Every structure is written in C-alpha cells, then in structure tokens.
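Text of protein_19.txt (compact mmCIF, C-alpha atoms) as supplied:
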```txt
# COMPACT_ATOMS: atom_id res chain seq x y z
CA MET A 997 0.00 0.00 0.00
CA ARG A 998 1.41 3.40 -1.01
CA ARG A 999 2.16 5.74 1.80
CA PRO A 1000 0.35 9.08 1.44
CA ALA A 1001 2.42 12.16 0.70
CA PRO A 1002 3.30 14.38 3.70
CA LEU A 1003 1.15 17.37 4.34
CA PRO A 1004 2.65 20.74 3.28
CA THR A 1005 3.97 22.96 6.07
CA ASP A 1006 3.65 26.76 6.15
CA ARG A 1007 7.14 28.21 6.31
CA PRO A 1008 7.96 31.96 6.26
CA LYS A 1009 9.38 33.26 3.06
CA ASP A 1010 13.00 34.03 2.83
CA PRO A 1011 13.69 37.68 3.71
CA ALA A 1012 15.96 37.79 0.72
CA GLU A 1013 12.99 37.55 -1.47
CA GLY A 1014 11.92 40.96 -0.21
CA ALA A 1015 8.94 39.86 1.71
CA SER A 1016 8.18 41.51 4.95
CA PRO A 1017 7.84 39.50 8.16
CA SER A 1018 4.25 40.44 8.35
CA MET A 1019 3.57 38.88 5.00
CA SER A 1020 4.93 35.46 6.13
CA ARG A 1021 1.66 34.56 7.72
CA SER A 1022 -1.05 33.01 5.63
CA PRO A 1023 -3.85 35.29 4.71
CA ARG A 1024 -6.99 35.00 6.76
CA ARG A 1025 -9.76 33.11 4.98
CA ALA A 1026 -13.01 34.79 4.29
CA PRO A 1027 -15.94 33.50 6.32
CA ARG A 1028 -18.00 30.81 4.50
CA GLU A 1029 -21.47 31.76 3.63
CA VAL A 1030 -24.13 29.40 5.02
CA GLU A 1031 -26.96 28.69 2.68
CA PRO A 1032 -30.34 28.74 4.25
CA VAL A 1033 -32.30 25.50 4.53
CA GLY A 1034 -34.60 25.06 1.59
CA ALA A 1035 -32.59 27.21 -0.69
CA GLU A 1036 -32.65 26.23 -4.28
CA THR A 1037 -28.90 26.30 -4.60
CA SER A 1038 -26.59 24.28 -2.41
CA GLU A 1039 -23.03 23.20 -2.40
CA GLY A 1040 -23.98 20.06 -4.24
CA ALA A 1041 -25.97 22.04 -6.75
CA LYS A 1042 -23.09 24.48 -7.26
CA SER A 1043 -20.66 21.64 -7.84
CA GLY A 1044 -23.04 19.99 -10.32
CA ILE A 1045 -23.49 16.71 -8.29
CA ASP A 1046 -26.99 15.32 -7.64
CA VAL A 1047 -27.48 14.35 -4.01
CA GLY A 1048 -29.90 11.55 -4.88
CA ALA A 1049 -27.44 10.16 -7.37
CA GLU A 1050 -24.73 10.27 -4.73
CA ALA A 1051 -26.94 8.25 -2.38
CA GLN A 1052 -27.51 5.69 -5.10
CA VAL A 1053 -23.81 5.38 -5.71
CA ASP A 1054 -23.18 4.70 -2.04
CA ALA A 1055 -25.67 1.75 -2.07
CA PRO A 1056 -24.38 -1.77 -3.05
CA ALA A 1057 -24.50 -2.36 -6.76
CA ASP A 1058 -26.03 -5.88 -6.53
CA ALA A 1059 -28.67 -5.01 -3.95
CA VAL A 1060 -31.06 -3.72 -6.56
CA GLY A 1061 -30.99 -6.89 -8.64
CA ASP A 1062 -31.62 -9.26 -5.64
CA VAL A 1063 -34.73 -7.55 -4.39
CA PRO A 1064 -37.89 -9.38 -5.75
CA THR A 1065 -40.02 -7.11 -7.78
CA SER A 1066 -43.24 -9.22 -7.94
CA THR A 1067 -45.13 -12.22 -6.50
CA ARG A 1068 -44.13 -14.32 -9.48
CA ASP A 1069 -40.45 -13.77 -8.70
CA VAL A 1070 -41.03 -14.87 -5.11
CA TRP A 1071 -42.85 -17.99 -6.29
CA ARG A 1072 -40.12 -18.85 -8.78
CA ALA A 1073 -37.44 -18.42 -6.14
CA ALA A 1074 -39.33 -20.69 -3.71
CA ARG A 1075 -39.86 -23.31 -6.39
CA ALA A 1076 -36.17 -23.25 -7.31
CA ARG A 1077 -35.26 -23.64 -3.66
CA ARG A 1078 -37.62 -26.63 -3.24
CA LYS A 1079 -36.28 -28.22 -6.40
CA ALA A 1080 -32.71 -27.86 -5.19
CA LEU A 1081 -33.69 -29.33 -1.80
CA ARG A 1082 -35.35 -32.33 -3.44
CA ALA A 1083 -32.28 -32.90 -5.58
CA GLU A 1084 -30.08 -32.92 -2.50
CA ILE A 1085 -32.42 -35.34 -0.71
CA ARG A 1086 -32.40 -37.69 -3.71
CA ARG A 1087 -28.64 -37.56 -3.87
CA PHE A 1088 -28.19 -38.45 -0.20
CA THR A 1089 -30.88 -41.19 -0.20
CA GLN A 1090 -29.90 -42.81 -3.49
CA ARG A 1091 -28.29 -45.87 -1.85
CA SER A 1092 -31.18 -46.58 0.48
CA ARG A 1093 -33.68 -46.18 -2.37
CA ARG A 1094 -31.65 -48.60 -4.45
CA ARG A 1095 -31.70 -51.17 -1.63
CA ARG A 1096 -35.46 -50.80 -1.28
CA ILE A 1097 -35.94 -51.24 -5.01
CA VAL A 1098 -33.86 -54.43 -5.01
CA GLY A 1099 -35.69 -55.78 -1.96
CA TRP A 1100 -39.14 -55.15 -3.37
CA SER A 1101 -38.05 -56.64 -6.70
CA VAL A 1102 -36.98 -59.87 -4.97
CA VAL A 1103 -40.23 -60.04 -2.99
CA GLY A 1104 -42.26 -59.43 -6.13
CA ALA A 1105 -40.38 -62.15 -8.01
CA LEU A 1106 -40.96 -64.66 -5.20
CA LEU A 1107 -44.65 -63.82 -5.00
CA LEU A 1108 -44.95 -64.17 -8.75
CA LEU A 1109 -43.17 -67.53 -8.68
CA VAL A 1110 -45.28 -68.90 -5.83
CA GLY A 1111 -48.51 -67.58 -7.30
CA GLY A 1112 -47.69 -69.00 -10.71
CA SER A 1113 -46.79 -72.40 -9.25
CA VAL A 1114 -50.00 -72.58 -7.22
CA ALA A 1115 -52.10 -71.50 -10.17
CA ALA A 1116 -50.45 -74.07 -12.42
CA ALA A 1117 -50.81 -76.84 -9.82
CA TYR A 1118 -54.56 -76.27 -9.53
CA SER A 1119 -55.06 -75.92 -13.27
CA PRO A 1120 -55.95 -78.65 -15.80
CA LEU A 1121 -52.33 -78.55 -16.96
CA PHE A 1122 -51.53 -80.98 -14.12
CA ALA A 1123 -54.65 -83.14 -14.27
CA VAL A 1124 -54.49 -86.88 -13.59
CA GLU A 1125 -54.32 -88.89 -16.80
CA LYS A 1126 -52.75 -92.14 -15.57
CA ILE A 1127 -53.05 -94.16 -12.35
CA THR A 1128 -50.27 -96.65 -11.58
CA ILE A 1129 -50.66 -99.42 -8.96
CA VAL A 1130 -47.47 -100.63 -7.29
CA GLY A 1131 -47.17 -103.54 -4.83
CA ALA A 1132 -50.14 -105.65 -5.88
CA THR A 1133 -49.35 -109.37 -6.04
CA THR A 1134 -52.50 -111.18 -5.02
CA LEU A 1135 -54.83 -108.39 -6.11
CA ASP A 1136 -55.49 -107.45 -9.72
CA PRO A 1137 -53.98 -103.98 -10.46
CA ALA A 1138 -56.51 -103.38 -13.24
CA ALA A 1139 -59.37 -103.81 -10.76
CA ILE A 1140 -57.85 -101.21 -8.44
CA GLU A 1141 -57.30 -98.78 -11.32
CA ALA A 1142 -60.94 -99.19 -12.35
CA ALA A 1143 -62.06 -98.39 -8.79
CA LEU A 1144 -60.03 -95.16 -8.87
CA ALA A 1145 -61.14 -94.07 -12.34
CA ASP A 1146 -63.13 -91.15 -10.87
CA GLN A 1147 -59.83 -89.35 -10.20
CA ILE A 1148 -59.00 -89.09 -13.90
CA GLY A 1149 -59.12 -85.44 -14.94
CA THR A 1150 -58.70 -84.11 -11.40
CA PRO A 1151 -55.72 -81.76 -10.80
CA LEU A 1152 -53.02 -83.51 -8.82
CA ALA A 1153 -53.25 -80.94 -6.04
CA LEU A 1154 -57.01 -81.56 -5.69
CA VAL A 1155 -56.94 -85.36 -5.49
CA ASP A 1156 -59.23 -86.29 -2.58
CA SER A 1157 -57.58 -88.90 -0.34
CA SER A 1158 -60.89 -89.64 1.40
CA GLU A 1159 -62.46 -90.66 -1.92
CA ILE A 1160 -59.50 -92.92 -2.65
CA LYS A 1161 -59.80 -94.48 0.80
CA ALA A 1162 -63.48 -95.14 0.27
CA ALA A 1163 -62.70 -96.83 -3.06
CA LEU A 1164 -59.96 -99.02 -1.59
CA ILE A 1165 -62.10 -100.26 1.30
CA GLY A 1166 -63.59 -102.72 -1.15
CA PHE A 1167 -60.23 -104.52 -1.26
CA PRO A 1168 -59.72 -106.20 2.17
CA LEU A 1169 -56.30 -107.50 1.14
CA ILE A 1170 -54.93 -103.94 1.12
CA GLU A 1171 -53.33 -103.30 4.51
CA THR A 1172 -51.85 -99.86 3.83
CA TYR A 1173 -51.44 -97.55 0.84
CA ALA A 1174 -49.61 -94.35 -0.08
CA LEU A 1175 -50.25 -91.79 -2.81
CA GLU A 1176 -47.49 -90.27 -4.92
CA ALA A 1177 -48.19 -87.40 -7.32
CA ARG A 1178 -45.79 -87.40 -10.25
CA PRO A 1179 -46.34 -84.30 -12.37
CA PRO A 1180 -47.55 -83.61 -14.83
CA HIS A 1181 -50.19 -86.37 -15.13
CA ASP A 1182 -49.25 -89.52 -13.18
CA LEU A 1183 -50.78 -90.63 -9.85
CA THR A 1184 -49.01 -93.61 -8.25
CA VAL A 1185 -50.71 -95.73 -5.57
CA ARG A 1186 -48.33 -97.90 -3.53
CA ILE A 1187 -50.13 -100.62 -1.61
CA VAL A 1188 -49.07 -103.19 0.95
CA GLU A 1189 -51.18 -106.33 0.90
CA ARG A 1190 -52.20 -108.19 3.98
CA THR A 1191 -50.44 -111.50 4.58
CA PRO A 1192 -52.92 -114.33 5.20
CA VAL A 1193 -52.00 -116.66 8.06
CA GLY A 1194 -54.71 -119.29 7.61
CA VAL A 1195 -58.41 -120.00 7.42
CA LEU A 1196 -61.10 -120.35 10.06
CA ARG A 1197 -63.82 -122.91 9.46
CA SER A 1198 -67.42 -121.93 10.18
CA ASP A 1199 -70.91 -122.63 8.92
CA ALA A 1200 -70.36 -120.06 6.17
CA GLY A 1201 -67.29 -121.89 4.88
CA TYR A 1202 -63.61 -121.09 5.13
CA THR A 1203 -62.69 -117.50 6.01
CA LEU A 1204 -59.20 -116.32 5.12
CA VAL A 1205 -57.72 -114.08 7.84
CA ASP A 1206 -54.45 -112.22 8.42
CA ALA A 1207 -52.41 -111.92 11.63
CA ALA A 1208 -54.65 -109.09 12.87
CA GLY A 1209 -57.78 -111.23 12.47
CA VAL A 1210 -59.11 -109.24 9.49
CA ALA A 1211 -61.34 -111.39 7.27
CA LEU A 1212 -60.00 -111.25 3.71
CA SER A 1213 -62.37 -113.59 1.93
CA THR A 1214 -64.79 -116.44 2.51
CA THR A 1215 -65.02 -119.51 0.30
CA THR A 1216 -66.82 -122.84 0.47
CA ASP A 1217 -63.60 -124.80 -0.02
CA GLN A 1218 -60.35 -124.45 1.89
CA PRO A 1219 -57.88 -122.32 -0.09
CA ALA A 1220 -54.78 -124.16 -1.18
CA GLY A 1221 -51.63 -123.45 0.77
CA GLN A 1222 -53.48 -121.98 3.78
CA PRO A 1223 -53.41 -123.86 7.11
CA LEU A 1224 -56.55 -124.54 9.13
CA LEU A 1225 -56.61 -122.54 12.36
CA ASP A 1226 -58.04 -124.07 15.53
CA ILE A 1227 -57.81 -121.22 18.02
CA ALA A 1228 -59.64 -121.03 21.33
CA GLY A 1229 -61.44 -117.71 21.74
CA GLY A 1230 -61.45 -116.76 18.06
CA THR A 1231 -59.64 -113.84 16.44
CA ASP A 1232 -59.99 -111.55 19.48
CA SER A 1233 -58.04 -113.82 21.84
CA SER A 1234 -54.40 -113.65 22.90
CA ALA A 1235 -53.98 -117.20 21.60
CA PHE A 1236 -54.83 -116.02 18.06
CA GLU A 1237 -52.40 -113.10 18.30
CA SER A 1238 -49.59 -115.41 19.41
CA ALA A 1239 -50.39 -117.97 16.67
CA GLY A 1240 -50.37 -115.23 14.01
CA LEU A 1241 -46.93 -113.98 15.08
CA VAL A 1242 -45.59 -117.55 15.03
CA ILE A 1243 -46.88 -118.23 11.51
CA ARG A 1244 -45.38 -115.00 10.14
CA SER A 1245 -41.95 -115.83 11.64
CA LEU A 1246 -41.69 -119.30 10.08
CA PRO A 1247 -39.01 -119.96 7.43
CA ALA A 1248 -40.39 -120.09 3.89
CA ASP A 1249 -39.81 -123.85 3.46
CA VAL A 1250 -41.55 -124.66 6.76
CA ARG A 1251 -44.39 -122.25 5.97
CA ALA A 1252 -45.00 -124.08 2.68
CA GLN A 1253 -45.49 -127.38 4.58
CA LEU A 1254 -47.82 -125.96 7.25
CA THR A 1255 -51.32 -127.50 7.24
CA GLY A 1256 -52.71 -126.74 10.69
CA VAL A 1257 -52.22 -124.51 13.76
CA ARG A 1258 -53.74 -125.16 17.18
CA ALA A 1259 -53.60 -122.99 20.34
CA THR A 1260 -55.64 -122.78 23.53
CA THR A 1261 -53.47 -120.12 25.18
CA ALA A 1262 -50.72 -117.76 24.06
CA ASP A 1263 -48.06 -120.19 25.36
CA ASP A 1264 -49.03 -123.50 23.72
CA VAL A 1265 -48.99 -122.95 19.97
CA THR A 1266 -48.70 -126.26 18.08
CA LEU A 1267 -48.01 -126.66 14.36
CA THR A 1268 -48.87 -129.53 12.00
CA LEU A 1269 -46.85 -130.10 8.82
CA SER A 1270 -47.95 -131.87 5.63
CA SER A 1271 -45.66 -134.80 6.50
CA GLY A 1272 -47.62 -135.43 9.67
CA LEU A 1273 -44.91 -133.93 11.90
CA THR A 1274 -46.13 -132.11 15.00
CA VAL A 1275 -44.10 -129.13 16.20
CA VAL A 1276 -44.55 -127.89 19.75
CA TRP A 1277 -43.74 -124.21 19.53
CA GLY A 1278 -44.90 -122.77 22.79
CA SER A 1279 -45.17 -118.93 22.96
CA ASP A 1280 -44.16 -116.44 20.28
CA ASP A 1281 -41.02 -115.46 22.24
CA LYS A 1282 -37.76 -116.02 20.32
CA SER A 1283 -39.72 -117.15 17.27
CA ALA A 1284 -36.87 -116.30 14.88
CA THR A 1285 -34.43 -118.49 16.83
CA LYS A 1286 -37.00 -121.30 17.08
CA GLY A 1287 -37.48 -121.27 13.31
CA ILE A 1288 -33.72 -121.71 12.72
CA VAL A 1289 -33.55 -124.55 15.26
CA LEU A 1290 -36.58 -126.26 13.71
CA ALA A 1291 -35.07 -126.15 10.21
CA ARG A 1292 -31.79 -127.68 11.45
CA THR A 1293 -33.59 -130.35 13.46
CA LEU A 1294 -35.77 -131.34 10.50
CA ALA A 1295 -32.69 -131.68 8.32
CA ALA A 1296 -30.98 -133.86 10.92
CA ASN A 1297 -34.10 -135.95 11.74
CA PRO A 1298 -36.23 -136.36 8.60
CA GLY A 1299 -38.26 -139.22 10.11
CA ALA A 1300 -39.13 -137.54 13.40
CA GLY A 1301 -42.76 -137.59 14.54
CA THR A 1302 -42.61 -134.61 16.95
CA ILE A 1303 -40.18 -131.81 17.59
CA ASP A 1304 -40.39 -129.58 20.65
CA VAL A 1305 -38.70 -126.18 20.18
CA SER A 1306 -40.46 -124.39 23.03
CA SER A 1307 -36.97 -124.15 24.53
CA PRO A 1308 -34.79 -123.33 21.51
CA ASN A 1309 -31.55 -124.08 23.38
CA ALA A 1310 -32.59 -127.75 23.82
CA ALA A 1311 -34.84 -129.07 21.06
CA VAL A 1312 -36.57 -132.39 21.84
CA VAL A 1313 -37.13 -134.90 19.01
CA GLY A 1314 -39.75 -137.63 19.39
```
Mind converting the file's structure to structure tokens?
Amino acid sequence: MRRPAPLPTDRPKDPAEGASPSMSRSPRRAPREVEPVGAETSEGAKSGIDVGAEAQVDAPADAVGDVPTSTRDVWRAARARRKALRAEIRRFTQRSRRRRIVGWSVVGALLLLVGGSVAAAYSPLFAVEKITIVGATTLDPAAIEAALADQIGTPLALVDSSEIKAALIGFPLIETYALEARPPHDLTVRIVERTPVGVLRSDAGYTLVDAAGVALSTTTDQPAGQPLLDIAGGTDSSAFESAGLVIRSLPADVRAQLTGVRATTADDVTLTLSSGLTVVWGSDDKSATKGIVLARTLAANPGAGTIDVSSPNAAVVG
C-alpha cells in the first residue's frame, strides 16, 4: 500500500525575497457563507453533483438486482429452492432407495413364482391322466385302477384322499397304501397287501384271515396253501395273536409245509406239517431263533414224529 504524501507545512518566506515578516503569515480566509435551509442552490448544486445520485452510488451495486419485484419472482425463487432441496435429498438417499428397489423386486419375483406355481398346480395342466398301482401281487392292479377311475381329470393338487380311501375299502387285502403325485399327469398308488396266516372254518365256509384277524375272503372250499386254524377264543383272543406272530416268523420252506395250527393259550402254539410232523412251539417269544432250530432239526431228523422247540436251546425230538 502506497504511503500518502506528507502534508505541506507553512514556512515563512526568505527575507531575501523581499517579503516583509508580516507577510509570512497566511492570509486570513473569508468566512463561508451558510446557505439557508430550503434554498434552491446548495453546495452540491453548485458543484453539479446530484445528491440523490450520490446516495444511489453509495448503495451496493447488486442489492437492486436481488430484491424481488413481484409475486411471481417470489414464487419462482421458492420453487427453485424446493427443487434444489429435493435434488439434495435424492442424492443423499440414493443408496437406500436402491436397496429398497432391489428388496421389493426380490419379494415381487418370489410372489410371482409362488402364485404362478399354485395357479399351475390347480389348473388342468396338471390333471391326472394315468393311475399306476405298485405292490399288488394277489390283487389285480386293473381292478384297483378301475375303482379309482373317478380321479382321472382331477388336478393332482385336488386329489381327494378320502375318496380314494373309500374306493380301496372294497379290497380287504390292502393293509396300507400311499399316494405319490408325479407331475404332470401320473398318480401312483403304492399298496401293501395283507399277509394271510390261515383259514377259520365256520358254517359259512372257510374264512381267510391275516395276523390281525381281518377277514380277507370267505369260500366254500379251503384255499390251497393256507393252514386250518383251531384257536380257542377266536380272532380276538391272545392265543390267536400269538399264533399269528408264530406263523409270520416261520421260514419259507416250513411255511410251505404248514397244514394246521392249534392254540388254547398264548403259550401252547402247536403246528402240524404236511408230513404229519407235530411241532410244539410254545409262545411267540424267540420265534426267529425257534425257526432256525426247527429247520436244522428237521434236516438232521427227517423221520421224526414230533419236535419240541419251546426251549430253543434244547430241542426235543420224538
């Protein structure tokens, strides 16, 4: 910054110049005339400067342009401010909005997938066109398929298990069953047949029963390969339950020779083979071990009349 020039000092003139000492002082200034208030001429007027213009010059140059001049300008300024604020909010919330968009997109896709799957499952596109029977040996699979023919054309998801159960009740040999839906059009029925243990003789004929005492069929003649059961107390007794467990535990070769079973209690089951051999079995305890001992004893004593395996550790041959 430039330093201002020093102020001039009043020094007396050199006497050599011919000036008198009295002339060394500065002349006295004339008194300044004061213009009256309200006069048309003033110092500013004399100098040619407008007072109002001077006031305008002293004001900031940009203040005039910033002052709104109408309601429309105010509204535009407010709208611009709101627009800028919204832009800033969008910029700072962009990541969270992106996460929400991705989340809702995943939820929408899952809902669409589930809804489409459910709609397709209940539509005719997955209707039953074929029924397959698995596990039938004694029963005729075609007869079972004919009994379930009402399910043809039903969507796999709407197959009524109670209707299938009602249709299968007509087949006493079916012990249990399971349904398997194999899209798009196959319904598989897996059945487990009851295992007959023998026949009971009555006035009606010969009734084929399983180990649970369920009557499977009744004929006038004794079915081939089924032993005659002589059980005290009938199918509801403990003797029948023990005899049924014994018959089901017999080895296949011994079971093929069985012609009769007799029991008065649960502990005195007696078997009769086609050769005339009588086997004293006793209770159904350790039936698997008794079957192995009986097979070995028969092989060692083919001409025996009786074999007692009620105590499998010491078989008695008679």
Region 1134-1146 of chain A surroundings by all atoms listed in the file, 7 Å radius, close-in-sequence under 2 positions cut, as a VMD selection string | chain A and resid 1127 1129 1132 1148 1160 1163
Have a look at CA of Ile1243 (chain A) and CA of Thr1285 (chain A) and let me know their distance in Å, one decimal.
->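 Going from CA of Ile1243 (chain A) over to CA of Thr1285 (chain A) covers 13.5 Å.
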Can you tell me, as a VMD selection string, what residues are no more than 8 Å from region 1195-1206 of chain A when counting only C-alpha atoms, ignoring any on the same chain fewer than 5 positions away?
-> chain A and resid 1190 1211 to 1219 1222 to 1226 1240
Nearest to Ala1153 (chain A) among A:Val1257, A:Val1124, A:Leu1241, A:Ile1165, with distances taken over only C-alpha atoms: which residue is it?
->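 Of all the options, A:Val1124 lies closest to Ala1153 (chain A).
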The residue from A:Thr1067, A:Ser1158, A:Asn1297, A:Thr1302 with the smallest atom-to-atom distance to Trp1277 (chain A), counting only C-alpha atoms, is A:Thr1302
Please list, as a short mmCIF file (atom, residue, chain, number, x, y, z; two decimals) with C-alpha atoms, in the coordinates of the input, the residues that have an atom at most 9 Å away from (-55.1, -87.0, -11.9) in the coordinates of this file, counting only C-alpha atoms.
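The resulting file, out23.cif, is reproduced below:
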```cif
data_model
loop_
_atom_site.label_atom_id
_atom_site.label_comp_id
_atom_site.auth_asym_id
_atom_site.auth_seq_id
_atom_site.Cartn_x
_atom_site.Cartn_y
_atom_site.Cartn_z
CA PHE A 1122 -51.53 -80.98 -14.12
CA ALA A 1123 -54.65 -83.14 -14.27
CA VAL A 1124 -54.49 -86.88 -13.59
CA GLU A 1125 -54.32 -88.89 -16.80
CA LYS A 1126 -52.75 -92.14 -15.57
CA ILE A 1127 -53.05 -94.16 -12.35
CA GLN A 1147 -59.83 -89.35 -10.20
CA ILE A 1148 -59.00 -89.09 -13.90
CA GLY A 1149 -59.12 -85.44 -14.94
CA THR A 1150 -58.70 -84.11 -11.40
CA PRO A 1151 -55.72 -81.76 -10.80
CA LEU A 1152 -53.02 -83.51 -8.82
CA ALA A 1153 -53.25 -80.94 -6.04
CA LEU A 1154 -57.01 -81.56 -5.69
CA VAL A 1155 -56.94 -85.36 -5.49
CA ALA A 1177 -48.19 -87.40 -7.32
CA PRO A 1180 -47.55 -83.61 -14.83
CA HIS A 1181 -50.19 -86.37 -15.13
CA ASP A 1182 -49.25 -89.52 -13.18
CA LEU A 1183 -50.78 -90.63 -9.85
#
```
Smallest atom-to-atom distance to Glu1237 (chain A): which of A:Thr1260, A:Asn1309, A:Ser1271, A:Gln1253, using only C-alpha atoms?
-> A:Thr1260
For Val1210 (chain A), which of A:Asp1280, A:Asp1249, A:Glu1171, A:Glu1176 is the closest residue, counting only C-alpha atoms?
->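 Result for the nearest residue to Val1210 (chain A): A:Glu1171.
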Interatomic distance, CA of Thr1184 (chain A) to CA of Ser1157 (chain A) (Å, one decimal) = 12.6 Å
CA of Pro1168 (chain A) and CA of Gly1194 (chain A) are how many Å apart?
->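 About the pair CA of Pro1168 (chain A) and CA of Gly1194 (chain A): they are 15.0 Å apart.
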Pick from A:Leu1108, A:Ala1259, A:Val1250, A:Val1130 nearest to Arg1292 (chain A), counting all atoms listed in the file |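 Using all atoms listed in the file, the shortest distance to Arg1292 (chain A) belongs to A:Val1250.
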Have a look at A:Thr1089, A:Ser1233, A:Thr1261, A:Ser1306 and name the one nearest to Gly1287 (chain A); count all atoms listed in the file.
-> A:Ser1306
Within 6 Å of file point (-50.2, -99.5, -2.7), counting all atoms listed in the file, expressed as a PyMOL selection string | chain A and resi 1130-1131+1173-1174+1185-1188
Could you give me, as a PDB file with C-alpha atoms, in the coordinates of the input, the residues within 10 Å of Pro1247 (chain A), counting all atoms listed in the file and dropping anything in the same chain fewer than 4 positions from it?
```pdb
ATOM      1  CA  ILE A1243     -46.880-118.230  11.510  1.00  0.00           C
ATOM      2  CA  ARG A1251     -44.390-122.250   5.970  1.00  0.00           C
ATOM      3  CA  ALA A1252     -45.000-124.080   2.680  1.00  0.00           C
ATOM      4  CA  ALA A1284     -36.870-116.300  14.880  1.00  0.00           C
ATOM      5  CA  LYS A1286     -37.000-121.300  17.080  1.00  0.00           C
ATOM      6  CA  GLY A1287     -37.480-121.270  13.310  1.00  0.00           C
ATOM      7  CA  ILE A1288     -33.720-121.710  12.720  1.00  0.00           C
ATOM      8  CA  LEU A1290     -36.580-126.260  13.710  1.00  0.00           C
ATOM      9  CA  ALA A1291     -35.070-126.150  10.210  1.00  0.00           C
TER      10      ALA A1291
END
```
Since the input lacks atoms, please generate N, CA, C and O atoms for region 1179-1194 of chain A and provide them as a CSV table (one decimal), in the frame of the given file.
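Ended up saving to selection_22.csv:
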```
chain,number,residue,atom,x,y,z
A,1179,PRO,N,-45.9,-85.2,-11.3
A,1179,PRO,CA,-46.3,-84.3,-12.4
A,1179,PRO,C,-45.7,-84.7,-13.7
A,1179,PRO,O,-44.6,-85.3,-13.7
A,1180,PRO,N,-46.3,-84.4,-14.8
A,1180,PRO,CA,-47.6,-83.6,-14.8
A,1180,PRO,C,-48.9,-84.4,-14.7
A,1180,PRO,O,-49.9,-83.8,-14.4
A,1181,HIS,N,-48.9,-85.7,-15.0
A,1181,HIS,CA,-50.2,-86.4,-15.1
A,1181,HIS,C,-50.3,-87.7,-14.5
A,1181,HIS,O,-51.3,-88.4,-14.7
A,1182,ASP,N,-49.3,-88.2,-13.7
A,1182,ASP,CA,-49.2,-89.5,-13.2
A,1182,ASP,C,-49.5,-89.5,-11.7
A,1182,ASP,O,-48.9,-88.8,-10.9
A,1183,LEU,N,-50.5,-90.4,-11.3
A,1183,LEU,CA,-50.8,-90.6,-9.8
A,1183,LEU,C,-50.4,-92.1,-9.5
A,1183,LEU,O,-51.0,-93.0,-10.1
A,1184,THR,N,-49.5,-92.3,-8.6
A,1184,THR,CA,-49.0,-93.6,-8.2
A,1184,THR,C,-49.6,-94.0,-6.9
A,1184,THR,O,-49.5,-93.2,-5.9
A,1185,VAL,N,-50.1,-95.2,-6.8
A,1185,VAL,CA,-50.7,-95.7,-5.6
A,1185,VAL,C,-49.9,-96.9,-5.2
A,1185,VAL,O,-49.9,-98.0,-5.8
A,1186,ARG,N,-49.1,-96.8,-4.1
A,1186,ARG,CA,-48.3,-97.9,-3.5
A,1186,ARG,C,-49.1,-98.6,-2.4
A,1186,ARG,O,-49.5,-98.0,-1.4
A,1187,ILE,N,-49.3,-99.9,-2.6
A,1187,ILE,CA,-50.1,-100.6,-1.6
A,1187,ILE,C,-49.3,-101.7,-1.0
A,1187,ILE,O,-48.3,-102.2,-1.5
A,1188,VAL,N,-49.7,-102.1,0.2
A,1188,VAL,CA,-49.1,-103.2,1.0
A,1188,VAL,C,-50.2,-104.2,1.2
A,1188,VAL,O,-51.2,-103.8,2.0
A,1189,GLU,N,-50.1,-105.4,0.7
A,1189,GLU,CA,-51.2,-106.3,0.9
A,1189,GLU,C,-51.0,-107.0,2.3
A,1189,GLU,O,-50.0,-107.2,2.8
A,1190,ARG,N,-52.2,-107.4,2.8
A,1190,ARG,CA,-52.2,-108.2,4.0
A,1190,ARG,C,-51.7,-109.6,3.7
A,1190,ARG,O,-51.9,-110.2,2.6
A,1191,THR,N,-51.0,-110.2,4.7
A,1191,THR,CA,-50.4,-111.5,4.6
A,1191,THR,C,-51.4,-112.5,5.3
A,1191,THR,O,-51.5,-112.5,6.5
A,1192,PRO,N,-52.0,-113.3,4.5
A,1192,PRO,CA,-52.9,-114.3,5.2
A,1192,PRO,C,-52.1,-115.3,6.0
A,1192,PRO,O,-51.0,-115.7,5.7
A,1193,VAL,N,-52.7,-115.7,7.2
A,1193,VAL,CA,-52.0,-116.7,8.1
A,1193,VAL,C,-52.7,-118.0,8.1
A,1193,VAL,O,-52.2,-119.0,8.5
A,1194,GLY,N,-54.0,-118.0,7.6
A,1194,GLY,CA,-54.7,-119.3,7.6
A,1194,GLY,C,-56.2,-119.0,7.4
A,1194,GLY,O,-56.6,-117.9,7.1
```
